Structure formats: C-alpha cells, structure tokens
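Here is run.csv, consisting of CSV, N, CA and C atoms and all ligand atoms:
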```csv
chain,number,residue,atom,x,y,z
C,1,MET,N,55.6,23.7,4.7
C,1,MET,CA,56.0,22.9,5.8
C,1,MET,C,56.5,21.5,5.3
C,2,ASP,N,57.4,20.9,6.0
C,2,ASP,CA,57.9,19.6,5.6
C,2,ASP,C,57.3,18.5,6.3
C,3,LEU,N,56.7,17.5,5.6
C,3,LEU,CA,56.1,16.4,6.2
C,3,LEU,C,57.0,15.2,6.0
C,4,THR,N,57.3,14.5,7.0
C,4,THR,CA,58.0,13.2,6.9
C,4,THR,C,57.0,12.1,6.4
C,5,ILE,N,57.5,11.0,5.9
C,5,ILE,CA,56.6,10.0,5.5
C,5,ILE,C,55.8,9.5,6.7
C,6,ALA,N,56.4,9.4,7.9
C,6,ALA,CA,55.7,8.9,9.0
C,6,ALA,C,54.6,9.8,9.4
C,7,GLU,N,54.9,11.1,9.4
C,7,GLU,CA,53.8,12.1,9.7
C,7,GLU,C,52.7,12.0,8.7
C,8,PHE,N,53.1,11.9,7.4
C,8,PHE,CA,52.1,11.8,6.3
C,8,PHE,C,51.2,10.6,6.5
C,9,VAL,N,51.8,9.4,6.8
C,9,VAL,CA,51.0,8.2,7.0
C,9,VAL,C,50.1,8.4,8.2
C,10,PHE,N,50.7,9.0,9.3
C,10,PHE,CA,49.9,9.2,10.5
C,10,PHE,C,48.7,10.1,10.2
C,11,LEU,N,48.9,11.1,9.4
C,11,LEU,CA,47.8,12.0,9.1
C,11,LEU,C,46.7,11.3,8.3
C,12,ILE,N,47.2,10.5,7.3
C,12,ILE,CA,46.2,9.7,6.5
C,12,ILE,C,45.4,8.8,7.4
C,13,LEU,N,46.1,8.0,8.2
C,13,LEU,CA,45.5,7.1,9.1
C,13,LEU,C,44.5,7.8,10.0
C,14,PHE,N,44.9,8.9,10.6
C,14,PHE,CA,44.1,9.7,11.5
C,14,PHE,C,42.9,10.2,10.8
C,15,GLY,N,43.1,10.7,9.6
C,15,GLY,CA,42.0,11.3,8.8
C,15,GLY,C,41.0,10.2,8.4
C,16,THR,N,41.5,9.0,8.0
C,16,THR,CA,40.6,7.9,7.7
C,16,THR,C,39.8,7.5,8.9
C,17,CYS,N,40.5,7.3,10.0
C,17,CYS,CA,39.8,6.9,11.2
C,17,CYS,C,38.7,7.9,11.6
C,18,GLY,N,39.0,9.2,11.5
C,18,GLY,CA,38.0,10.2,11.8
C,18,GLY,C,36.9,10.2,10.8
C,19,PHE,N,37.2,10.0,9.5
C,19,PHE,CA,36.1,9.9,8.5
C,19,PHE,C,35.2,8.7,8.8
C,20,ILE,N,35.8,7.6,9.1
C,20,ILE,CA,35.0,6.4,9.4
C,20,ILE,C,34.1,6.6,10.6
C,21,LEU,N,34.7,7.2,11.7
C,21,LEU,CA,33.9,7.5,12.9
C,21,LEU,C,32.8,8.4,12.6
C,22,ALA,N,33.1,9.4,11.8
C,22,ALA,CA,32.0,10.4,11.5
C,22,ALA,C,30.9,9.7,10.7
C,23,CYS,N,31.3,8.9,9.7
C,23,CYS,CA,30.3,8.2,8.9
C,23,CYS,C,29.4,7.3,9.8
C,24,SER,N,30.0,6.5,10.7
C,24,SER,CA,29.3,5.6,11.5
C,24,SER,C,28.4,6.4,12.4
C,25,TRP,N,28.9,7.5,12.9
C,25,TRP,CA,28.1,8.3,13.8
C,25,TRP,C,26.8,8.9,13.1
C,26,ILE,N,27.1,9.4,11.9
C,26,ILE,CA,26.0,9.9,11.1
C,26,ILE,C,24.9,8.8,10.8
C,27,SER,N,25.4,7.7,10.4
C,27,SER,CA,24.5,6.6,10.0
C,27,SER,C,23.7,6.1,11.2
C,28,ARG,N,24.4,6.1,12.4
C,28,ARG,CA,23.7,5.7,13.6
C,28,ARG,C,22.6,6.7,13.9
C,29,ARG,N,23.0,8.0,13.8
C,29,ARG,CA,22.0,9.1,14.1
C,29,ARG,C,20.8,8.9,13.2
C,30,LEU,N,21.0,8.7,11.9
C,30,LEU,CA,19.9,8.6,10.9
C,30,LEU,C,19.1,7.4,11.2
C,31,ARG,N,19.7,6.3,11.6
C,31,ARG,CA,18.9,5.1,11.9
C,31,ARG,C,18.1,5.3,13.1
C,32,ALA,N,18.7,5.9,14.1
C,32,ALA,CA,17.9,6.1,15.4
C,32,ALA,C,16.7,7.1,15.1
C,33,GLN,N,16.9,8.1,14.3
C,33,GLN,CA,15.9,9.0,13.9
C,33,GLN,C,14.7,8.3,13.2
C,34,ALA,N,15.1,7.4,12.2
C,34,ALA,CA,14.1,6.7,11.5
C,34,ALA,C,13.3,5.8,12.4
C,35,GLU,N,14.1,5.2,13.3
C,35,GLU,CA,13.4,4.2,14.3
C,35,GLU,C,12.4,5.0,15.2
C,36,THR,N,12.9,6.1,15.6
C,36,THR,CA,12.0,6.9,16.5
C,36,THR,C,10.7,7.3,15.7
C,37,ARG,N,10.9,7.7,14.5
C,37,ARG,CA,9.8,8.2,13.7
C,37,ARG,C,8.8,7.0,13.4
C,38,SER,N,9.4,5.8,13.1
C,38,SER,CA,8.5,4.7,12.9
C,38,SER,C,7.8,4.2,14.1
C,39,LEU,N,8.5,4.4,15.3
C,39,LEU,CA,7.9,4.0,16.6
C,39,LEU,C,6.8,4.9,16.9
C,40,ALA,N,6.9,6.2,16.6
C,40,ALA,CA,5.9,7.2,16.8
C,40,ALA,C,4.6,6.9,16.0
C,41,ARG,N,4.8,6.3,14.8
C,41,ARG,CA,3.7,6.0,14.0
C,41,ARG,C,3.1,4.6,14.3
C,42,ARG,N,3.8,3.8,15.0
C,42,ARG,CA,3.4,2.4,15.2
C,42,ARG,C,2.3,2.4,16.3
C,43,VAL,N,1.3,1.7,16.0
C,43,VAL,CA,0.2,1.5,16.9
C,43,VAL,C,-0.1,0.0,17.1
C,44,VAL,N,-0.2,-0.4,18.3
C,44,VAL,CA,-0.6,-1.8,18.6
C,44,VAL,C,-2.0,-1.9,19.1
C,45,CYS,N,-2.8,-2.6,18.4
C,45,CYS,CA,-4.2,-2.7,18.8
C,45,CYS,C,-4.4,-3.3,20.2
C,46,ARG,N,-5.2,-2.6,21.0
C,46,ARG,CA,-5.4,-3.1,22.4
C,46,ARG,C,-6.3,-4.3,22.4
C,47,LEU,N,-7.0,-4.6,21.3
C,47,LEU,CA,-7.9,-5.7,21.3
C,47,LEU,C,-7.3,-6.9,20.7
C,48,CYS,N,-6.7,-6.8,19.5
C,48,CYS,CA,-6.2,-8.1,18.9
C,48,CYS,C,-4.7,-8.0,18.8
C,49,LEU,N,-4.0,-7.0,19.4
C,49,LEU,CA,-2.6,-6.8,19.4
C,49,LEU,C,-1.9,-6.8,18.1
C,50,HIS,N,-2.7,-6.5,17.1
C,50,HIS,CA,-2.2,-6.3,15.7
C,50,HIS,C,-1.4,-5.0,15.7
C,51,ALA,N,-0.1,-5.1,15.2
C,51,ALA,CA,0.7,-3.9,15.1
C,51,ALA,C,0.7,-3.4,13.7
C,52,PHE,N,0.4,-2.1,13.6
C,52,PHE,CA,0.4,-1.5,12.3
C,52,PHE,C,0.9,0.0,12.4
C,53,GLU,N,1.2,0.5,11.2
C,53,GLU,CA,1.7,1.9,11.2
C,53,GLU,C,0.6,2.8,10.7
C,54,ASN,N,0.5,4.0,11.3
C,54,ASN,CA,-0.5,4.9,10.9
C,54,ASN,C,0.2,6.3,10.8
C,55,SER,N,0.1,6.9,9.6
C,55,SER,CA,0.8,8.1,9.4
C,55,SER,C,-0.1,9.3,9.5
C,56,GLY,N,-1.4,9.1,9.9
C,56,GLY,CA,-2.3,10.1,10.0
C,56,GLY,C,-2.0,11.0,11.3
C,57,SER,N,-2.8,12.0,11.4
C,57,SER,CA,-2.5,13.0,12.6
C,57,SER,C,-3.5,12.8,13.7
C,58,GLY,N,-4.5,12.0,13.5
C,58,GLY,CA,-5.6,11.9,14.5
C,58,GLY,C,-5.1,11.2,15.7
C,59,GLN,N,-5.7,11.4,16.8
C,59,GLN,CA,-5.3,10.7,18.1
C,59,GLN,C,-5.9,9.3,18.2
C,60,ILE,N,-7.0,9.1,17.5
C,60,ILE,CA,-7.7,7.8,17.5
C,60,ILE,C,-7.5,7.2,16.1
C,61,VAL,N,-7.0,6.0,16.2
C,61,VAL,CA,-6.8,5.2,14.9
C,61,VAL,C,-7.6,3.9,15.0
C,62,ASP,N,-8.2,3.6,13.8
C,62,ASP,CA,-8.9,2.3,13.8
C,62,ASP,C,-8.0,1.2,13.3
C,63,CYS,N,-8.1,0.1,14.0
C,63,CYS,CA,-7.3,-1.1,13.7
C,63,CYS,C,-7.7,-1.7,12.4
C,64,PRO,N,-6.8,-1.9,11.4
C,64,PRO,CA,-7.2,-2.5,10.1
C,64,PRO,C,-7.6,-3.9,10.2
C,65,GLN,N,-7.3,-4.6,11.3
C,65,GLN,CA,-7.6,-6.0,11.5
C,65,GLN,C,-9.0,-6.2,12.1
C,66,CYS,N,-9.3,-5.5,13.2
C,66,CYS,CA,-10.6,-5.8,13.8
C,66,CYS,C,-11.4,-4.5,13.9
C,67,GLY,N,-10.9,-3.4,13.5
C,67,GLY,CA,-11.7,-2.2,13.4
C,67,GLY,C,-11.9,-1.5,14.8
C,68,ALA,N,-11.2,-1.9,15.8
C,68,ALA,CA,-11.3,-1.3,17.1
C,68,ALA,C,-10.6,0.0,17.1
C,69,ALA,N,-11.2,1.0,17.8
C,69,ALA,CA,-10.5,2.3,17.9
C,69,ALA,C,-9.4,2.3,19.0
C,70,ASN,N,-8.2,2.7,18.5
C,70,ASN,CA,-7.1,2.7,19.4
C,70,ASN,C,-6.6,4.2,19.6
C,71,GLU,N,-6.2,4.4,20.9
C,71,GLU,CA,-5.6,5.7,21.1
C,71,GLU,C,-4.1,5.7,20.8
C,72,ARG,N,-3.7,6.6,20.0
C,72,ARG,CA,-2.3,6.6,19.7
C,72,ARG,C,-1.4,7.0,20.8
C,73,GLY,N,-0.2,6.4,20.9
C,73,GLY,CA,0.8,6.8,21.9
C,73,GLY,C,0.6,6.2,23.2
C,74,ARG,N,-0.4,5.3,23.4
C,74,ARG,CA,-0.5,4.6,24.7
C,74,ARG,C,-0.2,3.2,24.6
C,75,SER,N,0.4,2.8,23.4
C,75,SER,CA,0.7,1.4,23.2
C,75,SER,C,2.1,1.0,23.7
C,76,ARG,N,2.9,2.0,24.2
C,76,ARG,CA,4.2,1.7,24.5
C,76,ARG,C,4.3,0.7,25.7
C,77,LYS,N,3.9,1.1,26.9
C,77,LYS,CA,4.1,0.3,28.0
C,77,LYS,C,2.8,0.0,28.7
C,78,LEU,N,2.3,0.9,29.5
C,78,LEU,CA,1.0,0.7,30.2
C,78,LEU,C,-0.1,1.1,29.3
C,79,GLY,N,-0.8,0.1,28.9
C,79,GLY,CA,-1.8,0.6,28.1
C,79,GLY,C,-2.8,0.0,27.4
C,101,ZN,ZN,-7.3,-4.9,16.3
```
Let me see whether you can do it: turn the structure in this file into structure tokens.
Amino acid sequence: MDLTIAEFVFLILFGTCGFILACSWISRRLRAQAETRSLARRVVCRLCLHAFENSGSGQIVDCPQCGAANERGRSRKLG
C-alpha cells in the first residue's frame, strides 16, 4: 500500500500519542496499586497517633512507639 508523507506523519503522531497514553495509564495503575498496598499496611496508633507500616498478617499490631495494641484496618475513618 502507498502511504503519503502526511499519512505517514499522522500515523507516527497517532502511534506516539497512543504510546504515551498507554505508558501514563500503566504508570498510574502501578502507582495506585502501590498506594493501595501501602495503605492496607499502614496502621495509625489509636493512642499516640503514630503512623507505621506493618507487613505482618495478624489482625492486632503493636505500636512501635507506645506499645499499644491496634486493630488493623480500623484506622481509616471511624476508629
Ligand atoms: Zn502508639
């Protein structure tokens, strides 16, 4: 098939735009995923409000600052 210069340039521009959009979409997805994961690990102490990350699987985590037992997953809003 014959491509004119204009069509060729258009294709390149279109491809580049699509590529950039795809890259930004992927990076946004990855960042949102990492954020969600770190939010799920984050615990805010109900006693001293010290925020820390805990990668364990237990439901109760001890605050490294004051040693109080905190229930995981209840630190978001009401709690
Ligand atoms: Zn604490």
Could you pull out the helix (DSSP H, G or I) residues of chain C from DSSP and send them as JSON, numbers by chain?
{"C": [5, 6, 7, 8, 9, 10, 11, 12, 13, 14, 15, 16, 17, 18, 19, 20, 21, 22, 23, 24, 25, 26, 27, 28, 29, 30, 31, 32, 33, 34, 35, 36, 37, 38, 39, 40, 41]}
Output of the above residues as a CSV table (one decimal), keeping the file's coordinate frame, restricted to N, CA and C atoms:
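See result.csv below for the written result:
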```
chain,number,residue,atom,x,y,z
C,5,ILE,N,57.5,11.0,5.9
C,5,ILE,CA,56.6,10.0,5.5
C,5,ILE,C,55.8,9.5,6.7
C,6,ALA,N,56.4,9.4,7.9
C,6,ALA,CA,55.7,8.9,9.0
C,6,ALA,C,54.6,9.8,9.4
C,7,GLU,N,54.9,11.1,9.4
C,7,GLU,CA,53.8,12.1,9.7
C,7,GLU,C,52.7,12.0,8.7
C,8,PHE,N,53.1,11.9,7.4
C,8,PHE,CA,52.1,11.8,6.3
C,8,PHE,C,51.2,10.6,6.5
C,9,VAL,N,51.8,9.4,6.8
C,9,VAL,CA,51.0,8.2,7.0
C,9,VAL,C,50.1,8.4,8.2
C,10,PHE,N,50.7,9.0,9.3
C,10,PHE,CA,49.9,9.2,10.5
C,10,PHE,C,48.7,10.1,10.2
C,11,LEU,N,48.9,11.1,9.4
C,11,LEU,CA,47.8,12.0,9.1
C,11,LEU,C,46.7,11.3,8.3
C,12,ILE,N,47.2,10.5,7.3
C,12,ILE,CA,46.2,9.7,6.5
C,12,ILE,C,45.4,8.8,7.4
C,13,LEU,N,46.1,8.0,8.2
C,13,LEU,CA,45.5,7.1,9.1
C,13,LEU,C,44.5,7.8,10.0
C,14,PHE,N,44.9,8.9,10.6
C,14,PHE,CA,44.1,9.7,11.5
C,14,PHE,C,42.9,10.2,10.8
C,15,GLY,N,43.1,10.7,9.6
C,15,GLY,CA,42.0,11.3,8.8
C,15,GLY,C,41.0,10.2,8.4
C,16,THR,N,41.5,9.0,8.0
C,16,THR,CA,40.6,7.9,7.7
C,16,THR,C,39.8,7.5,8.9
C,17,CYS,N,40.5,7.3,10.0
C,17,CYS,CA,39.8,6.9,11.2
C,17,CYS,C,38.7,7.9,11.6
C,18,GLY,N,39.0,9.2,11.5
C,18,GLY,CA,38.0,10.2,11.8
C,18,GLY,C,36.9,10.2,10.8
C,19,PHE,N,37.2,10.0,9.5
C,19,PHE,CA,36.1,9.9,8.5
C,19,PHE,C,35.2,8.7,8.8
C,20,ILE,N,35.8,7.6,9.1
C,20,ILE,CA,35.0,6.4,9.4
C,20,ILE,C,34.1,6.6,10.6
C,21,LEU,N,34.7,7.2,11.7
C,21,LEU,CA,33.9,7.5,12.9
C,21,LEU,C,32.8,8.4,12.6
C,22,ALA,N,33.1,9.4,11.8
C,22,ALA,CA,32.0,10.4,11.5
C,22,ALA,C,30.9,9.7,10.7
C,23,CYS,N,31.3,8.9,9.7
C,23,CYS,CA,30.3,8.2,8.9
C,23,CYS,C,29.4,7.3,9.8
C,24,SER,N,30.0,6.5,10.7
C,24,SER,CA,29.3,5.6,11.5
C,24,SER,C,28.4,6.4,12.4
C,25,TRP,N,28.9,7.5,12.9
C,25,TRP,CA,28.1,8.3,13.8
C,25,TRP,C,26.8,8.9,13.1
C,26,ILE,N,27.1,9.4,11.9
C,26,ILE,CA,26.0,9.9,11.1
C,26,ILE,C,24.9,8.8,10.8
C,27,SER,N,25.4,7.7,10.4
C,27,SER,CA,24.5,6.6,10.0
C,27,SER,C,23.7,6.1,11.2
C,28,ARG,N,24.4,6.1,12.4
C,28,ARG,CA,23.7,5.7,13.6
C,28,ARG,C,22.6,6.7,13.9
C,29,ARG,N,23.0,8.0,13.8
C,29,ARG,CA,22.0,9.1,14.1
C,29,ARG,C,20.8,8.9,13.2
C,30,LEU,N,21.0,8.7,11.9
C,30,LEU,CA,19.9,8.6,10.9
C,30,LEU,C,19.1,7.4,11.2
C,31,ARG,N,19.7,6.3,11.6
C,31,ARG,CA,18.9,5.1,11.9
C,31,ARG,C,18.1,5.3,13.1
C,32,ALA,N,18.7,5.9,14.1
C,32,ALA,CA,17.9,6.1,15.4
C,32,ALA,C,16.7,7.1,15.1
C,33,GLN,N,16.9,8.1,14.3
C,33,GLN,CA,15.9,9.0,13.9
C,33,GLN,C,14.7,8.3,13.2
C,34,ALA,N,15.1,7.4,12.2
C,34,ALA,CA,14.1,6.7,11.5
C,34,ALA,C,13.3,5.8,12.4
C,35,GLU,N,14.1,5.2,13.3
C,35,GLU,CA,13.4,4.2,14.3
C,35,GLU,C,12.4,5.0,15.2
C,36,THR,N,12.9,6.1,15.6
C,36,THR,CA,12.0,6.9,16.5
C,36,THR,C,10.7,7.3,15.7
C,37,ARG,N,10.9,7.7,14.5
C,37,ARG,CA,9.8,8.2,13.7
C,37,ARG,C,8.8,7.0,13.4
C,38,SER,N,9.4,5.8,13.1
C,38,SER,CA,8.5,4.7,12.9
C,38,SER,C,7.8,4.2,14.1
C,39,LEU,N,8.5,4.4,15.3
C,39,LEU,CA,7.9,4.0,16.6
C,39,LEU,C,6.8,4.9,16.9
C,40,ALA,N,6.9,6.2,16.6
C,40,ALA,CA,5.9,7.2,16.8
C,40,ALA,C,4.6,6.9,16.0
C,41,ARG,N,4.8,6.3,14.8
C,41,ARG,CA,3.7,6.0,14.0
C,41,ARG,C,3.1,4.6,14.3
```
Please determine the residues with any atom at most 6 Å from (-0.3, 4.7, 12.8) (coordinates as given in the file, with all atoms listed in the file counting) and report them as number ranges by chain.
C: 41-43, 52-56
Identify, counting only C-alpha atoms and all ligand atoms, the protein, DNA and RNA residues located within 6 Å of ligand ZN 101 (chain C), and give them as a PDB file with N, CA and C atoms, in the frame of the given file.
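Wrote it out as selection-v4.pdb, contents follow:
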```pdb
ATOM      1  N   CYS C  45      -2.800  -2.600  18.400  1.00  0.00           N
ATOM      2  CA  CYS C  45      -4.200  -2.700  18.800  1.00  0.00           C
ATOM      3  C   CYS C  45      -4.400  -3.300  20.200  1.00  0.00           C
ATOM      4  N   LEU C  47      -7.000  -4.600  21.300  1.00  0.00           N
ATOM      5  CA  LEU C  47      -7.900  -5.700  21.300  1.00  0.00           C
ATOM      6  C   LEU C  47      -7.300  -6.900  20.700  1.00  0.00           C
ATOM      7  N   CYS C  48      -6.700  -6.800  19.500  1.00  0.00           N
ATOM      8  CA  CYS C  48      -6.200  -8.100  18.900  1.00  0.00           C
ATOM      9  C   CYS C  48      -4.700  -8.000  18.800  1.00  0.00           C
ATOM     10  N   LEU C  49      -4.000  -7.000  19.400  1.00  0.00           N
ATOM     11  CA  LEU C  49      -2.600  -6.800  19.400  1.00  0.00           C
ATOM     12  C   LEU C  49      -1.900  -6.800  18.100  1.00  0.00           C
ATOM     13  N   HIS C  50      -2.700  -6.500  17.100  1.00  0.00           N
ATOM     14  CA  HIS C  50      -2.200  -6.300  15.700  1.00  0.00           C
ATOM     15  C   HIS C  50      -1.400  -5.000  15.700  1.00  0.00           C
ATOM     16  N   CYS C  63      -8.100   0.100  14.000  1.00  0.00           N
ATOM     17  CA  CYS C  63      -7.300  -1.100  13.700  1.00  0.00           C
ATOM     18  C   CYS C  63      -7.700  -1.700  12.400  1.00  0.00           C
ATOM     19  N   GLN C  65      -7.300  -4.600  11.300  1.00  0.00           N
ATOM     20  CA  GLN C  65      -7.600  -6.000  11.500  1.00  0.00           C
ATOM     21  C   GLN C  65      -9.000  -6.200  12.100  1.00  0.00           C
ATOM     22  N   CYS C  66      -9.300  -5.500  13.200  1.00  0.00           N
ATOM     23  CA  CYS C  66     -10.600  -5.800  13.800  1.00  0.00           C
ATOM     24  C   CYS C  66     -11.400  -4.500  13.900  1.00  0.00           C
ATOM     25  N   GLY C  67     -10.900  -3.400  13.500  1.00  0.00           N
ATOM     26  CA  GLY C  67     -11.700  -2.200  13.400  1.00  0.00           C
ATOM     27  C   GLY C  67     -11.900  -1.500  14.800  1.00  0.00           C
ATOM     28  N   ALA C  68     -11.200  -1.900  15.800  1.00  0.00           N
ATOM     29  CA  ALA C  68     -11.300  -1.300  17.100  1.00  0.00           C
ATOM     30  C   ALA C  68     -10.600   0.000  17.100  1.00  0.00           C
TER      31      ALA C  68
END
```
At a cut-off of 6 Å, using all atoms listed in the file, what residues contact Ile60 of chain C? Leave out same-chain residues fewer than 3 positions from it and give the result as a list in words.
Ala69, Asn70, Glu71 and Arg72 of chain C
Same residues, N, CA and C atoms, output as a PDB file, in the frame of the given file:
```pdb
ATOM      1  N   ALA C  69     -11.200   1.000  17.800  1.00  0.00           N
ATOM      2  CA  ALA C  69     -10.500   2.300  17.900  1.00  0.00           C
ATOM      3  C   ALA C  69      -9.400   2.300  19.000  1.00  0.00           C
ATOM      4  N   ASN C  70      -8.200   2.700  18.500  1.00  0.00           N
ATOM      5  CA  ASN C  70      -7.100   2.700  19.400  1.00  0.00           C
ATOM      6  C   ASN C  70      -6.600   4.200  19.600  1.00  0.00           C
ATOM      7  N   GLU C  71      -6.200   4.400  20.900  1.00  0.00           N
ATOM      8  CA  GLU C  71      -5.600   5.700  21.100  1.00  0.00           C
ATOM      9  C   GLU C  71      -4.100   5.700  20.800  1.00  0.00           C
ATOM     10  N   ARG C  72      -3.700   6.600  20.000  1.00  0.00           N
ATOM     11  CA  ARG C  72      -2.300   6.600  19.700  1.00  0.00           C
ATOM     12  C   ARG C  72      -1.400   7.000  20.800  1.00  0.00           C
TER      13      ARG C  72
END
```
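Distance-wise, atom C of Gln59 of chain C and atom C of Ala40 of chain C end up 11.0 Å apart.
Taking atom CA of Thr16 of chain C and atom N of Arg28 of chain C as endpoints, the distance between them is 17.0 Å.
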With DSSP run on the backbone, what are the strand (DSSP E) residues within segment 6-52 of chain C? I'd like them as a PyMOL selection string.
chain C and resi 42-44+51-52
Starting from the structure just given, write a file holding segment 24-43 of chain C with N, CA and C atoms, as a PDB file, in the first residue's frame.
```pdb
ATOM      1  N   SER C  24       1.404   6.319  30.404  1.00  0.00           N
ATOM      2  CA  SER C  24       0.934   7.072  31.565  1.00  0.00           C
ATOM      3  C   SER C  24      -0.167   6.295  32.284  1.00  0.00           C
ATOM      4  N   TRP C  25      -1.002   5.599  31.506  1.00  0.00           N
ATOM      5  CA  TRP C  25      -2.061   4.795  32.118  1.00  0.00           C
ATOM      6  C   TRP C  25      -1.468   3.680  32.970  1.00  0.00           C
ATOM      7  N   ILE C  26      -0.447   3.008  32.406  1.00  0.00           N
ATOM      8  CA  ILE C  26       0.188   1.902  33.127  1.00  0.00           C
ATOM      9  C   ILE C  26       0.866   2.406  34.392  1.00  0.00           C
ATOM     10  N   SER C  27       1.582   3.526  34.281  1.00  0.00           N
ATOM     11  CA  SER C  27       2.299   4.019  35.459  1.00  0.00           C
ATOM     12  C   SER C  27       1.314   4.482  36.517  1.00  0.00           C
ATOM     13  N   ARG C  28       0.177   5.055  36.062  1.00  0.00           N
ATOM     14  CA  ARG C  28      -0.830   5.485  37.033  1.00  0.00           C
ATOM     15  C   ARG C  28      -1.418   4.266  37.752  1.00  0.00           C
ATOM     16  N   ARG C  29      -1.689   3.221  36.974  1.00  0.00           N
ATOM     17  CA  ARG C  29      -2.210   1.990  37.567  1.00  0.00           C
ATOM     18  C   ARG C  29      -1.251   1.436  38.611  1.00  0.00           C
ATOM     19  N   LEU C  30       0.041   1.386  38.228  1.00  0.00           N
ATOM     20  CA  LEU C  30       1.043   0.817  39.134  1.00  0.00           C
ATOM     21  C   LEU C  30       1.142   1.643  40.404  1.00  0.00           C
ATOM     22  N   ARG C  31       1.104   2.981  40.252  1.00  0.00           N
ATOM     23  CA  ARG C  31       1.224   3.836  41.427  1.00  0.00           C
ATOM     24  C   ARG C  31       0.001   3.665  42.335  1.00  0.00           C
ATOM     25  N   ALA C  32      -1.176   3.591  41.728  1.00  0.00           N
ATOM     26  CA  ALA C  32      -2.393   3.422  42.528  1.00  0.00           C
ATOM     27  C   ALA C  32      -2.355   2.097  43.278  1.00  0.00           C
ATOM     28  N   GLN C  33      -1.840   1.069  42.600  1.00  0.00           N
ATOM     29  CA  GLN C  33      -1.734  -0.242  43.230  1.00  0.00           C
ATOM     30  C   GLN C  33      -0.789  -0.193  44.423  1.00  0.00           C
ATOM     31  N   ALA C  34       0.375   0.429  44.209  1.00  0.00           N
ATOM     32  CA  ALA C  34       1.358   0.509  45.296  1.00  0.00           C
ATOM     33  C   ALA C  34       0.789   1.309  46.460  1.00  0.00           C
ATOM     34  N   GLU C  35       0.042   2.375  46.126  1.00  0.00           N
ATOM     35  CA  GLU C  35      -0.544   3.209  47.167  1.00  0.00           C
ATOM     36  C   GLU C  35      -1.560   2.404  47.980  1.00  0.00           C
ATOM     37  N   THR C  36      -2.396   1.652  47.266  1.00  0.00           N
ATOM     38  CA  THR C  36      -3.400   0.848  47.947  1.00  0.00           C
ATOM     39  C   THR C  36      -2.733  -0.178  48.857  1.00  0.00           C
ATOM     40  N   ARG C  37      -1.658  -0.778  48.336  1.00  0.00           N
ATOM     41  CA  ARG C  37      -0.976  -1.791  49.121  1.00  0.00           C
ATOM     42  C   ARG C  37      -0.356  -1.188  50.375  1.00  0.00           C
ATOM     43  N   SER C  38       0.264  -0.003  50.219  1.00  0.00           N
ATOM     44  CA  SER C  38       0.904   0.595  51.391  1.00  0.00           C
ATOM     45  C   SER C  38      -0.144   1.122  52.356  1.00  0.00           C
ATOM     46  N   LEU C  39      -1.305   1.546  51.827  1.00  0.00           N
ATOM     47  CA  LEU C  39      -2.388   1.995  52.701  1.00  0.00           C
ATOM     48  C   LEU C  39      -2.930   0.833  53.514  1.00  0.00           C
ATOM     49  N   ALA C  40      -2.986  -0.342  52.890  1.00  0.00           N
ATOM     50  CA  ALA C  40      -3.500  -1.516  53.581  1.00  0.00           C
ATOM     51  C   ALA C  40      -2.561  -1.931  54.704  1.00  0.00           C
ATOM     52  N   ARG C  41      -1.262  -1.614  54.543  1.00  0.00           N
ATOM     53  CA  ARG C  41      -0.295  -1.995  55.561  1.00  0.00           C
ATOM     54  C   ARG C  41      -0.177  -0.935  56.641  1.00  0.00           C
ATOM     55  N   ARG C  42      -0.672   0.280  56.340  1.00  0.00           N
ATOM     56  CA  ARG C  42      -0.460   1.380  57.262  1.00  0.00           C
ATOM     57  C   ARG C  42      -1.398   1.265  58.467  1.00  0.00           C
ATOM     58  N   VAL C  43      -0.833   1.484  59.596  1.00  0.00           N
ATOM     59  CA  VAL C  43      -1.608   1.468  60.823  1.00  0.00           C
ATOM     60  C   VAL C  43      -1.329   2.773  61.560  1.00  0.00           C
TER      61      VAL C  43
END
```
